[in-house]
Structure formats: structure tokens, C-alpha cells
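Trainee: This is entry_9.cif (mmCIF, C-alpha atoms).
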data_target
loop_
_atom_site.group_PDB
_atom_site.id
_atom_site.type_symbol
_atom_site.label_atom_id
_atom_site.label_comp_id
_atom_site.auth_asym_id
_atom_site.auth_seq_id
_atom_site.Cartn_x
_atom_site.Cartn_y
_atom_site.Cartn_z
ATOM 1 C CA MET A 260 13.938 10.134 -7.635
ATOM 2 C CA ILE A 261 12.099 7.192 -9.176
ATOM 3 C CA GLU A 262 14.706 4.485 -9.553
ATOM 4 C CA ARG A 263 15.017 0.929 -10.748
ATOM 5 C CA THR A 264 16.978 -1.738 -8.957
ATOM 6 C CA LEU A 265 17.834 -5.405 -9.426
ATOM 7 C CA VAL A 266 16.983 -8.147 -6.976
ATOM 8 C CA LEU A 267 18.141 -11.733 -7.387
ATOM 9 C CA VAL A 268 16.411 -14.499 -5.502
ATOM 10 C CA LYS A 269 19.411 -16.780 -5.118
ATOM 11 C CA PRO A 270 19.404 -20.540 -5.891
ATOM 12 C CA ASP A 271 19.166 -21.528 -2.220
ATOM 13 C CA ALA A 272 15.953 -19.521 -1.839
ATOM 14 C CA VAL A 273 14.525 -20.844 -5.114
ATOM 15 C CA GLU A 274 15.055 -24.428 -3.972
ATOM 16 C CA ARG A 275 13.576 -23.680 -0.570
ATOM 17 C CA GLY A 276 10.445 -22.335 -2.263
ATOM 18 C CA LEU A 277 10.781 -18.755 -1.029
ATOM 19 C CA VAL A 278 10.340 -16.973 -4.370
ATOM 20 C CA GLY A 279 6.679 -16.157 -3.839
ATOM 21 C CA GLU A 280 7.071 -14.856 -0.323
ATOM 22 C CA ILE A 281 10.010 -12.632 -1.226
ATOM 23 C CA ILE A 282 8.222 -11.152 -4.238
ATOM 24 C CA GLN A 283 5.154 -10.604 -2.090
ATOM 25 C CA ARG A 284 7.150 -8.413 0.290
ATOM 26 C CA PHE A 285 8.281 -6.106 -2.478
ATOM 27 C CA GLU A 286 4.785 -5.981 -3.938
ATOM 28 C CA HIS A 287 3.307 -5.031 -0.585
ATOM 29 C CA VAL A 288 5.490 -1.953 -0.116
ATOM 30 C CA GLY A 289 4.264 -0.797 -3.507
ATOM 31 C CA LEU A 290 7.379 -1.359 -5.567
ATOM 32 C CA LYS A 291 6.396 -2.103 -9.156
ATOM 33 C CA ILE A 292 7.741 -5.221 -10.843
ATOM 34 C CA VAL A 293 8.861 -4.051 -14.287
ATOM 35 C CA GLY A 294 10.830 -7.151 -15.240
ATOM 36 C CA MET A 295 11.087 -10.696 -13.956
ATOM 37 C CA LYS A 296 12.578 -13.948 -15.183
ATOM 38 C CA MET A 297 14.020 -17.217 -14.043
ATOM 39 C CA VAL A 298 17.562 -17.870 -15.312
ATOM 40 C CA TRP A 299 20.293 -20.392 -14.679
ATOM 41 C CA VAL A 300 23.578 -18.589 -15.290
ATOM 42 C CA ASP A 301 26.909 -20.105 -16.290
ATOM 43 C CA GLU A 302 30.359 -19.163 -14.978
ATOM 44 C CA THR A 303 31.066 -16.672 -17.763
ATOM 45 C CA PHE A 304 27.938 -14.732 -16.943
ATOM 46 C CA ALA A 305 28.446 -14.991 -13.177
ATOM 47 C CA SER A 306 31.974 -13.614 -13.476
ATOM 48 C CA LYS A 307 30.512 -10.527 -15.153
ATOM 49 C CA HIS A 308 28.087 -10.110 -12.269
ATOM 50 C CA TYR A 309 30.768 -10.544 -9.598
ATOM 51 C CA PHE A 310 33.483 -8.737 -11.565
ATOM 52 C CA ASP A 311 34.859 -6.694 -8.642
ATOM 53 C CA ILE A 312 34.536 -9.242 -5.830
ATOM 54 C CA LYS A 313 38.014 -10.706 -6.362
ATOM 55 C CA GLU A 314 39.638 -7.346 -5.680
ATOM 56 C CA ARG A 315 37.277 -6.382 -2.892
ATOM 57 C CA ARG A 316 36.916 -9.607 -0.942
ATOM 58 C CA GLY A 317 39.604 -11.979 -2.201
ATOM 59 C CA GLU A 318 39.800 -15.101 -4.324
ATOM 60 C CA LYS A 319 38.251 -17.443 -1.761
ATOM 61 C CA VAL A 320 35.027 -15.462 -1.419
ATOM 62 C CA TYR A 321 34.876 -15.032 -5.188
ATOM 63 C CA ASN A 322 35.118 -18.768 -5.831
ATOM 64 C CA SER A 323 32.487 -19.690 -3.280
ATOM 65 C CA LEU A 324 30.119 -17.009 -4.596
ATOM 66 C CA MET A 325 30.607 -18.315 -8.138
ATOM 67 C CA ASN A 326 29.771 -21.841 -6.970
ATOM 68 C CA MET A 327 26.704 -20.642 -5.157
ATOM 69 C CA ILE A 328 25.169 -18.504 -7.924
ATOM 70 C CA THR A 329 25.637 -21.202 -10.594
ATOM 71 C CA MET A 330 24.301 -24.134 -8.568
ATOM 72 C CA GLY A 331 20.687 -23.652 -9.637
ATOM 73 C CA PRO A 332 18.257 -21.246 -11.254
ATOM 74 C CA VAL A 333 17.805 -17.748 -9.825
ATOM 75 C CA VAL A 334 14.855 -15.407 -10.189
ATOM 76 C CA ALA A 335 15.902 -11.945 -11.333
ATOM 77 C CA VAL A 336 13.493 -9.098 -10.651
ATOM 78 C CA VAL A 337 13.651 -5.420 -11.636
ATOM 79 C CA LEU A 338 11.781 -3.220 -9.187
ATOM 80 C CA GLU A 339 10.755 0.384 -9.719
ATOM 81 C CA GLY A 340 9.887 2.921 -7.049
ATOM 82 C CA ILE A 341 10.919 6.018 -5.121
ATOM 83 C CA SER A 342 14.554 5.571 -4.043
ATOM 84 C CA ALA A 343 14.118 1.902 -4.926
ATOM 85 C CA VAL A 344 17.807 1.065 -4.470
ATOM 86 C CA GLU A 345 17.910 2.262 -0.882
ATOM 87 C CA VAL A 346 14.483 0.891 0.035
ATOM 88 C CA VAL A 347 15.276 -2.576 -1.314
ATOM 89 C CA ARG A 348 18.643 -2.599 0.459
ATOM 90 C CA LYS A 349 16.871 -1.742 3.695
ATOM 91 C CA MET A 350 14.297 -4.504 3.198
ATOM 92 C CA CYS A 351 16.996 -7.098 2.477
ATOM 93 C CA GLY A 352 19.081 -6.255 5.549
ATOM 94 C CA PRO A 353 22.849 -6.586 5.949
ATOM 95 C CA THR A 354 24.853 -9.251 4.091
ATOM 96 C CA GLU A 355 25.242 -11.520 7.107
ATOM 97 C CA PRO A 356 21.883 -13.120 7.961
ATOM 98 C CA LYS A 357 22.970 -13.655 11.585
ATOM 99 C CA SER A 358 23.213 -9.921 12.206
ATOM 100 C CA ALA A 359 20.195 -9.001 10.044
ATOM 101 C CA MET A 360 17.239 -7.746 12.076
ATOM 102 C CA PRO A 361 13.975 -9.656 12.159
ATOM 103 C CA GLY A 362 11.638 -8.046 9.637
ATOM 104 C CA THR A 363 14.307 -7.892 6.974
ATOM 105 C CA ILE A 364 14.306 -10.624 4.330
ATOM 106 C CA ARG A 365 17.679 -12.014 5.401
ATOM 107 C CA GLY A 366 16.734 -11.779 9.069
ATOM 108 C CA ASP A 367 13.469 -13.625 8.468
ATOM 109 C CA TYR A 368 14.539 -16.343 6.050
ATOM 110 C CA ALA A 369 18.113 -17.171 7.108
ATOM 111 C CA HIS A 370 20.393 -17.111 10.129
ATOM 112 C CA VAL A 371 23.849 -18.166 8.869
ATOM 113 C CA SER A 372 26.934 -16.318 10.143
ATOM 114 C CA PHE A 373 30.145 -15.363 8.324
ATOM 115 C CA ALA A 374 32.128 -17.443 10.827
ATOM 116 C CA TYR A 375 30.154 -20.607 10.045
ATOM 117 C CA SER A 376 30.276 -20.236 6.256
ATOM 118 C CA ASP A 377 34.035 -19.566 6.478
ATOM 119 C CA LYS A 378 34.434 -22.748 8.499
ATOM 120 C CA VAL A 379 32.588 -24.925 5.988
ATOM 121 C CA ASN A 380 34.166 -23.024 3.104
ATOM 122 C CA GLU A 381 30.898 -21.984 1.484
ATOM 123 C CA ALA A 382 29.383 -18.679 0.393
ATOM 124 C CA VAL A 383 26.943 -17.170 2.881
ATOM 125 C CA ARG A 384 23.506 -18.377 1.840
ATOM 126 C CA ASN A 385 21.831 -15.028 2.272
ATOM 127 C CA VAL A 386 18.701 -15.604 0.189
ATOM 128 C CA VAL A 387 18.830 -12.475 -1.985
ATOM 129 C CA HIS A 388 21.148 -10.116 -3.827
ATOM 130 C CA SER A 389 20.309 -6.464 -4.311
ATOM 131 C CA SER A 390 22.128 -3.669 -6.129
ATOM 132 C CA GLY A 391 24.357 -1.557 -3.880
ATOM 133 C CA ASN A 392 23.871 1.840 -5.437
ATOM 134 C CA LEU A 393 22.253 3.536 -8.414
ATOM 135 C CA ALA A 394 25.225 3.093 -10.760
ATOM 136 C CA GLU A 395 25.503 -0.575 -9.819
ATOM 137 C CA ALA A 396 21.749 -1.008 -10.309
ATOM 138 C CA GLU A 397 21.909 0.399 -13.820
ATOM 139 C CA ALA A 398 24.853 -1.790 -14.760
ATOM 140 C CA GLU A 399 23.281 -4.925 -13.279
ATOM 141 C CA ILE A 400 19.908 -4.375 -14.940
ATOM 142 C CA ALA A 401 21.708 -3.911 -18.267
ATOM 143 C CA LEU A 402 23.611 -7.148 -17.656
ATOM 144 C CA TRP A 403 20.667 -9.315 -16.616
ATOM 145 C CA PHE A 404 17.900 -7.910 -18.838
ATOM 146 C CA SER A 405 17.635 -6.839 -22.433
ATOM 147 C CA TRP A 406 15.568 -3.726 -23.157
ATOM 148 C CA ASN A 407 12.565 -5.671 -24.443
ATOM 149 C CA GLU A 408 12.246 -7.659 -21.239
ATOM 150 C CA ILE A 409 11.486 -4.561 -19.185
ATOM 151 C CA TYR A 410 7.972 -3.177 -19.242
ATOM 152 C CA ASP A 411 6.782 0.374 -18.834
ATOM 153 C CA TYR A 412 3.190 0.133 -17.760
ATOM 154 C CA GLU A 413 0.662 1.930 -15.619
ATOM 155 C CA SER A 414 -0.531 0.284 -12.489
ATOM 156 C CA VAL A 415 -2.401 0.958 -9.302
ATOM 157 C CA HIS A 416 0.961 1.830 -7.733
ATOM 158 C CA ASP A 417 1.237 4.926 -9.920
ATOM 159 C CA MET A 418 -2.039 6.170 -8.579
ATOM 160 C CA HIS A 419 -1.869 5.386 -4.908
ATOM 161 C CA ILE A 420 1.799 5.456 -4.159
ATOM 162 C CA LEU A 421 3.257 7.931 -6.617
ATOM 163 C CA HIS A 422 0.028 9.990 -6.789
ATOM 164 C CA LYS A 423 0.531 10.140 -10.515
ATOM 165 C CA LYS A 424 -2.586 11.195 -12.363
ATOM 166 C CA ALA A 425 -4.698 10.319 -9.358
ATOM 167 C CA THR A 426 -6.582 13.608 -9.521
ATOM 168 C CA GLU A 427 -7.188 13.409 -13.272
ATOM 169 C CA ILE A 428 -8.463 9.853 -13.086
ATOM 170 C CA LYS A 429 -10.813 10.725 -10.281
ATOM 171 C CA LYS A 430 -12.097 13.773 -12.144
ATOM 172 C CA ALA A 431 -12.664 11.775 -15.315
ATOM 173 C CA LYS A 432 -14.676 9.248 -13.354
ATOM 174 C CA GLY A 433 -16.809 12.010 -11.902
ATOM 175 C CA TYR A 434 -15.497 11.531 -8.416
ATOM 176 C CA LYS A 435 -16.771 14.072 -5.948
ATOM 177 C CA PRO A 436 -16.291 14.210 -2.223
ATOM 178 C CA GLN A 437 -19.477 13.173 -0.447
ATOM 179 C CA GLU A 438 -21.721 16.113 0.262
ATOM 180 C CA ASP A 439 -22.747 16.815 3.767
ATOM 181 C CA ASN A 440 -26.536 16.694 3.771
ATOM 182 C CA ALA A 441 -27.052 17.425 7.398
ATOM 183 C CA MET B 132 3.379 -33.285 -16.134
ATOM 184 C CA LYS B 133 3.728 -29.570 -16.842
ATOM 185 C CA THR B 134 1.255 -26.750 -16.975
ATOM 186 C CA LEU B 135 1.333 -23.041 -17.768
ATOM 187 C CA ILE B 136 -0.010 -20.527 -15.276
ATOM 188 C CA ILE B 137 -0.561 -16.944 -16.387
ATOM 189 C CA ALA B 138 -0.788 -14.233 -13.763
ATOM 190 C CA THR B 139 -2.775 -11.601 -15.658
ATOM 191 C CA PRO B 140 -2.177 -7.835 -15.660
ATOM 192 C CA SER B 141 -4.981 -7.622 -13.122
ATOM 193 C CA ALA B 142 -3.055 -9.914 -10.761
ATOM 194 C CA ILE B 143 0.074 -7.793 -11.210
ATOM 195 C CA ASN B 144 -1.896 -4.628 -10.612
ATOM 196 C CA GLU B 145 -3.340 -5.955 -7.391
ATOM 197 C CA SER B 146 -0.027 -7.351 -6.116
ATOM 198 C CA TYR B 147 -0.971 -11.013 -6.356
ATOM 199 C CA VAL B 148 2.101 -12.383 -8.172
ATOM 200 C CA GLY B 149 3.929 -13.416 -5.002
ATOM 201 C CA LYS B 150 0.799 -14.974 -3.548
ATOM 202 C CA ILE B 151 0.175 -17.047 -6.667
ATOM 203 C CA ILE B 152 3.748 -18.394 -6.647
ATOM 204 C CA THR B 153 3.536 -19.124 -2.908
ATOM 205 C CA LYS B 154 0.276 -21.034 -3.418
ATOM 206 C CA LEU B 155 1.897 -23.087 -6.188
ATOM 207 C CA ASP B 156 4.686 -24.037 -3.805
ATOM 208 C CA GLU B 157 2.171 -24.977 -1.137
ATOM 209 C CA LEU B 158 0.363 -27.257 -3.572
ATOM 210 C CA GLY B 159 3.661 -29.047 -4.095
ATOM 211 C CA VAL B 160 4.469 -28.325 -7.730
ATOM 212 C CA SER B 161 7.933 -27.142 -8.659
ATOM 213 C CA ILE B 162 8.430 -24.054 -10.754
ATOM 214 C CA LEU B 163 10.582 -24.626 -13.825
ATOM 215 C CA GLY B 164 10.287 -21.240 -15.448
ATOM 216 C CA ILE B 165 9.099 -17.718 -14.747
ATOM 217 C CA LYS B 166 9.071 -14.721 -16.990
ATOM 218 C CA MET B 167 7.360 -11.412 -17.297
ATOM 219 C CA SER B 168 6.129 -10.977 -20.816
ATOM 220 C CA SER B 169 3.355 -9.269 -22.711
ATOM 221 C CA LEU B 170 1.362 -11.643 -24.859
ATOM 222 C CA ASP B 171 2.522 -10.067 -28.094
ATOM 223 C CA ILE B 172 -0.047 -9.155 -30.737
ATOM 224 C CA HIS B 173 1.865 -11.170 -33.314
ATOM 225 C CA ASN B 174 1.378 -14.246 -31.212
ATOM 226 C CA LEU B 175 -2.388 -13.920 -31.206
ATOM 227 C CA SER B 176 -4.484 -16.195 -33.373
ATOM 228 C CA LYS B 177 -5.047 -15.043 -36.956
ATOM 229 C CA GLN B 178 -8.718 -14.698 -36.312
ATOM 230 C CA LYS B 179 -8.101 -11.984 -33.785
ATOM 231 C CA GLN B 180 -5.538 -10.242 -35.945
ATOM 232 C CA LYS B 181 -8.112 -9.952 -38.692
ATOM 233 C CA GLU B 182 -10.468 -8.195 -36.338
ATOM 234 C CA LYS B 183 -12.236 -5.649 -38.527
ATOM 235 C CA ASN B 184 -13.449 -3.535 -35.710
ATOM 236 C CA LEU B 185 -10.732 -0.945 -35.189
ATOM 237 C CA GLN B 186 -11.914 -0.023 -31.721
ATOM 238 C CA LYS B 187 -11.694 -3.649 -30.672
ATOM 239 C CA LYS B 188 -8.235 -3.934 -32.201
ATOM 240 C CA LYS B 189 -7.074 -0.896 -30.283
ATOM 241 C CA GLU B 190 -8.452 -2.369 -27.109
ATOM 242 C CA ILE B 191 -6.562 -5.589 -27.675
ATOM 243 C CA GLN B 192 -3.357 -3.729 -28.450
ATOM 244 C CA LYS B 193 -3.709 -1.670 -25.314
ATOM 245 C CA ALA B 194 -4.266 -4.770 -23.229
ATOM 246 C CA LEU B 195 -1.192 -6.368 -24.748
ATOM 247 C CA LYS B 196 1.064 -3.516 -23.705
ATOM 248 C CA VAL B 197 0.611 -4.614 -20.135
ATOM 249 C CA PRO B 198 2.772 -7.537 -19.122
ATOM 250 C CA CYS B 199 1.675 -10.844 -17.633
ATOM 251 C CA VAL B 200 3.768 -13.180 -15.524
ATOM 252 C CA LEU B 201 4.065 -16.639 -17.088
ATOM 253 C CA ILE B 202 4.910 -19.571 -14.844
ATOM 254 C CA ILE B 203 5.643 -23.192 -15.754
ATOM 255 C CA ALA B 204 4.764 -25.619 -12.995
ATOM 256 C CA LYS B 205 5.670 -29.291 -12.929
ATOM 257 C CA GLY B 206 4.480 -32.065 -10.702
ATOM 258 C CA GLY B 207 2.050 -34.936 -10.341
ATOM 259 C CA ASN B 208 -1.411 -33.732 -11.321
ATOM 260 C CA ALA B 209 -0.067 -30.313 -12.312
ATOM 261 C CA ILE B 210 -3.073 -29.565 -14.531
ATOM 262 C CA GLN B 211 -5.483 -30.276 -11.704
ATOM 263 C CA LYS B 212 -3.443 -28.170 -9.284
ATOM 264 C CA GLY B 213 -3.345 -25.331 -11.801
ATOM 265 C CA LYS B 214 -7.116 -25.420 -11.991
ATOM 266 C CA GLU B 215 -7.223 -25.263 -8.210
ATOM 267 C CA ILE B 216 -5.154 -22.068 -8.343
ATOM 268 C CA GLU B 217 -7.562 -20.660 -10.893
ATOM 269 C CA LYS B 218 -10.441 -21.450 -8.563
ATOM 270 C CA ILE B 219 -8.769 -19.763 -5.585
ATOM 271 C CA PHE B 220 -7.716 -16.526 -7.266
ATOM 272 C CA GLY B 221 -10.443 -16.309 -9.870
ATOM 273 C CA ASN B 222 -10.442 -16.344 -13.635
ATOM 274 C CA GLU B 223 -9.682 -12.640 -13.814
ATOM 275 C CA LYS B 224 -6.309 -12.996 -12.099
ATOM 276 C CA VAL B 225 -5.121 -16.404 -13.252
ATOM 277 C CA HIS B 226 -5.377 -18.362 -16.479
ATOM 278 C CA VAL B 227 -4.187 -21.962 -16.578
ATOM 279 C CA SER B 228 -3.871 -24.659 -19.220
ATOM 280 C CA GLN B 229 -7.064 -26.687 -19.244
ATOM 281 C CA ASN B 230 -5.552 -29.980 -20.367
ATOM 282 C CA LEU B 231 -2.249 -31.667 -21.189
ATOM 283 C CA GLU B 232 -2.359 -30.962 -24.919
ATOM 284 C CA ILE B 233 -3.069 -27.273 -24.456
ATOM 285 C CA ALA B 234 -0.374 -27.060 -21.770
ATOM 286 C CA LYS B 235 2.213 -28.506 -24.128
ATOM 287 C CA TYR B 236 1.184 -26.115 -26.887
ATOM 288 C CA GLU B 237 1.155 -23.051 -24.655
ATOM 289 C CA ILE B 238 4.519 -23.792 -23.060
ATOM 290 C CA GLU B 239 6.124 -24.252 -26.480
ATOM 291 C CA ARG B 240 4.564 -21.047 -27.697
ATOM 292 C CA PHE B 241 5.621 -18.770 -24.873
ATOM 293 C CA PHE B 242 8.896 -20.305 -23.685
ATOM 294 C CA LYS B 243 12.140 -21.111 -25.431
ATOM 295 C CA LYS B 244 13.827 -24.367 -24.448
ATOM 296 C CA LYS B 245 16.631 -22.493 -22.686
ATOM 297 C CA GLU B 246 14.116 -20.701 -20.483
ATOM 298 C CA ILE B 247 12.896 -23.910 -18.859
ATOM 299 C CA PHE B 248 14.989 -25.372 -16.049
ATOM 300 C CA GLU B 249 14.790 -28.925 -14.832
ATOM 301 C CA TYR B 250 16.144 -28.963 -11.319
ATOM 302 C CA GLU B 251 15.501 -31.073 -8.271
ATOM 303 C CA LYS B 252 14.577 -29.567 -4.965
ATOM 304 C CA ILE B 253 16.999 -30.577 -2.248
ATOM 305 C CA LYS B 254 15.651 -33.378 -0.118
ATOM 306 C CA THR B 255 17.593 -35.439 2.351
ATOM 307 C CA GLU B 256 17.684 -39.219 1.971
ATOM 308 C CA LEU B 257 15.323 -39.474 4.893
ATOM 309 C CA PHE B 258 12.444 -37.801 3.059
ATOM 310 C CA LYS B 259 12.855 -39.345 -0.364
#
Mind turning the file's structure into C-alpha cells?
Mentor:
Amino acid sequence: MIERTLVLVKPDAVERGLVGEIIQRFEHVGLKIVGMKMVWVDETFASKHYFDIKERRGEKVYNSLMNMITMGPVVAVVLEGISAVEVVRKMCGPTEPKSAMPGTIRGDYAHVSFAYSDKVNEAVRNVVHSSGNLAEAEAEIALWFSWNEIYDYESVHDMHILHKKATEIKKAKGYKPQEDNA
Amino acid sequence: MKTLIIATPSAINESYVGKIITKLDELGVSILGIKMSSLDIHNLSKQKQKEKNLQKKKEIQKALKVPCVLIIAKGGNAIQKGKEIEKIFGNEKVHVSQNLEIAKYEIERFFKKKEIFEYEKIKTELFK
């Protein structure tokens, strides 16, 4: 039930200075950041990340994606939460920013269409990448992070969002519901 | 000019990481490196490692299990801008390098060379 998923803030978003705002959105829904780093990947690494794109979407898309992901540093973030994979997917919106609803990250920070990026022969600058499903999330986290870069720690999210230990902590602090004096 | 900004466990706990990075962008410094890392006990000064008081040692170890977010910022007057961030969010949430020498030392201590990225933000000719 509690899952981990990978989000990449892509080079276009890093250069536009959107890292903070995007991270803020995930923080505000109560997803816990358990790993984060800035990396500039080379083609060898990128080909591991996009290993199945050639088959799925063709050589042209693969090449433009490779160009895009290696053009500058990305910020990789591992997020933890209830059904994190699905929730993060929902927050990012569909792949094409033009058809992404306002309120989603792609809908709010980009508006490019597939047709336009095809015309100029570029990958769709869609601000973020997020893992598609649980198996993909696990594989991607293993690719981008080593075990000692991911942190298991307690935070306010455990208490207020997962209700973990909330009762014990309150008891230990001597919390009592206010008595009605009237 | 580079400086190191540390978003403390308290900032992470209270969901301030994004806000701190946004504020840095607003102040016009570029971010050359980010990583989540706990300030490892082995990295602490020898004086603290020799701490006789076991309780204190345990406290430190516990605190070090919780990660911080380390950020390298570069730009004109980066040190001054870092201090501004510290003023806005408070000493409990943000620690910054107090001067150039310390900044250089701290960045070398917490970051490997390959974790720092020199890149230029895209600007059109018009705005250069």
C-alpha cells in the first residue's frame, strides 16, 4: 500500500527554475521525500532509463528523448506515500502538456503539443518524468539511486497522513481531549 | 561565488524544501548541486566524536539518522543571499556558509566534484 516512486525534474524545468515549485507540490500533498539528488546523466545511463522506448515509440522519439535528458542536469526525487505511483502520475498529468488539465504539473508549467514537437523534431518538453507502475518504479529507483542514498526516517507525515503512531505519541505527551467544564 | 545551503531535518519535516529552493531562484542564484544526505557521524569534528557523555552522543547519532538537503548555490553575492535565506526561514530550518572560506570548505567536504554541475541558464541574446 505504501509505495515509492521516482520523479525526474527534467533539464528544461531545471533551467527554467521550476525545481522548487515542483517539489513543493509533492511536499504539500504529504508525500515524503526519501531521496533527492541533482545529476547530469550521459548517454549510456540515459539508454538504460529509456531502454524500452525504441520498441514502444520508435527510433525518432528515442533519439529526441536521449538528446533532451542529457542536455543538462536533472533533479531525481524518490517519493514515498500511499499509492505513491498512481498519485504522482495523477499530479503530473498526461504526457502531452497541451492536453494536460490545469492543476496538473504539466498543465500548469507547459503547453507544448505532440504536433508541434514533431514538427520541430524535438522531444516534448513536459517538465517531469514519473514512473508508470510499481514494477517500473522499483526498477527506476534502483537505477537512479544506490541504497545508501535513500533514507528511512520518521516525519510529521507519518503522524498526520499515515496516522502511524499518532495515538502513542499523543499519549506519551500526556495529550487529553479538553474537558468540558460547563 | 558559491555557498552551501543546508535545509535541516526540521525544514524537511515541515515541508519547506521546495520553498527554500524557490526562494533561492527568486534571489537570482543558480543551483549547481542538490542532494539529500545525512551529515554522517564520521564527518563530524573530532571534538564531538570524543564526546564523553553517552546520552549526548546518542542524541547526536539520532539526529544524524535524519537526512538534510544540501544545496550549492552560485551567483554574485551568493554568501549574502544565503544569509538572506537564513533570515527568512530562520536558523532552525536553514544553515548557510557564513563566509567564502567556510563555503569552500563545506562544499568540498559534502560534495564530490562529479556532483557539482556548472551549467548556464538559457537566456536569449536580448537579455544578456
Trainee: Provide as a PyMOL selection string the residues of chain A at most 12 Å from chain B, counting all atoms listed in the file.
Mentor: chain A and resi 270-300+330-337+404+407-419
Trainee: Quick one: residues within 10 Å of Ile216 in chain B, all atoms listed in the file counted, chain neighbours fewer than 4 positions away excluded, as a short mmCIF file (atom, residue, chain, number, x, y, z; two decimals) with C-alpha atoms, in the frame of the given file?
Mentor:
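File produced: out-v8.cif:
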data_model
loop_
_atom_site.label_atom_id
_atom_site.label_comp_id
_atom_site.auth_asym_id
_atom_site.auth_seq_id
_atom_site.Cartn_x
_atom_site.Cartn_y
_atom_site.Cartn_z
CA ILE B 136 -0.01 -20.53 -15.28
CA ILE B 151 0.18 -17.05 -6.67
CA ILE B 152 3.75 -18.39 -6.65
CA LYS B 154 0.28 -21.03 -3.42
CA LEU B 155 1.90 -23.09 -6.19
CA LEU B 158 0.36 -27.26 -3.57
CA ILE B 210 -3.07 -29.56 -14.53
CA GLN B 211 -5.48 -30.28 -11.70
CA LYS B 212 -3.44 -28.17 -9.28
CA PHE B 220 -7.72 -16.53 -7.27
CA GLY B 221 -10.44 -16.31 -9.87
CA ASN B 222 -10.44 -16.34 -13.64
CA LYS B 224 -6.31 -13.00 -12.10
CA VAL B 225 -5.12 -16.40 -13.25
CA HIS B 226 -5.38 -18.36 -16.48
CA VAL B 227 -4.19 -21.96 -16.58
#
Trainee: Evaluate the PyMOL selection byres ((chain A and resi 369) around 10) against this structure - the residues, as a compact mmCIF listing (two decimals) with C-alpha atoms, in the frame of the given file, please.
Mentor:
# COMPACT_ATOMS: atom_id res chain seq x y z
CA ALA A 272 15.95 -19.52 -1.84
CA GLU A 355 25.24 -11.52 7.11
CA PRO A 356 21.88 -13.12 7.96
CA LYS A 357 22.97 -13.66 11.58
CA ALA A 359 20.20 -9.00 10.04
CA PRO A 361 13.98 -9.66 12.16
CA ILE A 364 14.31 -10.62 4.33
CA ARG A 365 17.68 -12.01 5.40
CA GLY A 366 16.73 -11.78 9.07
CA ASP A 367 13.47 -13.62 8.47
CA TYR A 368 14.54 -16.34 6.05
CA HIS A 370 20.39 -17.11 10.13
CA VAL A 371 23.85 -18.17 8.87
CA SER A 372 26.93 -16.32 10.14
CA VAL A 383 26.94 -17.17 2.88
CA ARG A 384 23.51 -18.38 1.84
CA ASN A 385 21.83 -15.03 2.27
CA VAL A 386 18.70 -15.60 0.19
Trainee: One number please: CA of Gly213 in chain B to CA of Leu170 in chain B, in Å, one decimal.
Mentor: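 Between CA of Gly213 in chain B and CA of Leu170 in chain B the gap is 19.5 Å.
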Trainee: Using the chain letters and numbers from the file, which residues does the PyMOL selection byres ((chain A and resi 305) around 10) grab, as a list in words?
Mentor: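 For this structure, the PyMOL selection byres ((chain A and resi 305) around 10) resolves to Trp299, Val300, Asp301, Glu302, Thr303, Phe304, Ser306, Lys307, His308, Tyr309, Phe310, Leu324, Met325, Asn326, Met327, Ile328 and Thr329 of chain A.
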Trainee: Distance CA of His422 in chain A-CA of Ile341 in chain A, one decimal place?
Mentor: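 According to the coordinates, CA of His422 in chain A and CA of Ile341 in chain A are separated by 11.7 Å.
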Trainee: Quick one: which residues end up in the PyMOL selection byres ((chain B and resi 230) around 12) for this structure, as a ChimeraX atom specification?
Mentor: /B:132-135,208-214,227-229,231-237
Trainee: Figure out the distance between CA of Ala396 in chain A and CA of Thr264 in chain A, please, to one decimal in Å.
Mentor: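 Spanning CA of Thr264 in chain A to CA of Ala396 in chain A is a straight-line distance of 5.0 Å.
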Trainee: Show which residues sit within 12 Å of Glu345 in chain A, as a VMD selection string. Count all atoms listed in the file, and ignore same-chain residues fewer than 2 positions away.
Mentor: chain A and resid 260 to 265 338 to 343 347 to 352 389 to 393 396
Trainee: Would you mind completing range 141-152 of chain B to N, CA and C atoms and writing the output as a PDB file, in the coordinates of the input?
Mentor:
ATOM      1  N   SER B 141      -4.170  -7.939 -14.301  1.00  0.00           N
ATOM      2  CA  SER B 141      -4.981  -7.622 -13.122  1.00  0.00           C
ATOM      3  C   SER B 141      -4.328  -8.159 -11.850  1.00  0.00           C
ATOM      4  N   ALA B 142      -3.748  -9.350 -11.925  1.00  0.00           N
ATOM      5  CA  ALA B 142      -3.055  -9.914 -10.761  1.00  0.00           C
ATOM      6  C   ALA B 142      -1.825  -9.089 -10.414  1.00  0.00           C
ATOM      7  N   ILE B 143      -1.111  -8.621 -11.443  1.00  0.00           N
ATOM      8  CA  ILE B 143       0.074  -7.793 -11.210  1.00  0.00           C
ATOM      9  C   ILE B 143      -0.339  -6.480 -10.557  1.00  0.00           C
ATOM     10  N   ASN B 144      -1.389  -5.904 -11.107  1.00  0.00           N
ATOM     11  CA  ASN B 144      -1.896  -4.628 -10.612  1.00  0.00           C
ATOM     12  C   ASN B 144      -2.297  -4.714  -9.148  1.00  0.00           C
ATOM     13  N   GLU B 145      -2.869  -5.834  -8.764  1.00  0.00           N
ATOM     14  CA  GLU B 145      -3.340  -5.955  -7.391  1.00  0.00           C
ATOM     15  C   GLU B 145      -2.349  -6.683  -6.494  1.00  0.00           C
ATOM     16  N   SER B 146      -1.100  -6.766  -6.932  1.00  0.00           N
ATOM     17  CA  SER B 146      -0.027  -7.351  -6.116  1.00  0.00           C
ATOM     18  C   SER B 146      -0.306  -8.795  -5.703  1.00  0.00           C
ATOM     19  N   TYR B 147      -0.673  -9.619  -6.670  1.00  0.00           N
ATOM     20  CA  TYR B 147      -0.971 -11.013  -6.356  1.00  0.00           C
ATOM     21  C   TYR B 147       0.083 -11.992  -6.878  1.00  0.00           C
ATOM     22  N   VAL B 148       1.123 -11.485  -7.539  1.00  0.00           N
ATOM     23  CA  VAL B 148       2.101 -12.383  -8.172  1.00  0.00           C
ATOM     24  C   VAL B 148       2.776 -13.285  -7.137  1.00  0.00           C
ATOM     25  N   GLY B 149       3.271 -12.655  -6.057  1.00  0.00           N
ATOM     26  CA  GLY B 149       3.929 -13.416  -5.002  1.00  0.00           C
ATOM     27  C   GLY B 149       3.009 -14.459  -4.404  1.00  0.00           C
ATOM     28  N   LYS B 150       1.764 -14.053  -4.161  1.00  0.00           N
ATOM     29  CA  LYS B 150       0.799 -14.974  -3.548  1.00  0.00           C
ATOM     30  C   LYS B 150       0.548 -16.178  -4.442  1.00  0.00           C
ATOM     31  N   ILE B 151       0.441 -15.941  -5.738  1.00  0.00           N
ATOM     32  CA  ILE B 151       0.175 -17.047  -6.667  1.00  0.00           C
ATOM     33  C   ILE B 151       1.346 -18.031  -6.654  1.00  0.00           C
ATOM     34  N   ILE B 152       2.573 -17.511  -6.660  1.00  0.00           N
ATOM     35  CA  ILE B 152       3.748 -18.394  -6.647  1.00  0.00           C
ATOM     36  C   ILE B 152       3.824 -19.155  -5.325  1.00  0.00           C
TER      37      ILE B 152
END
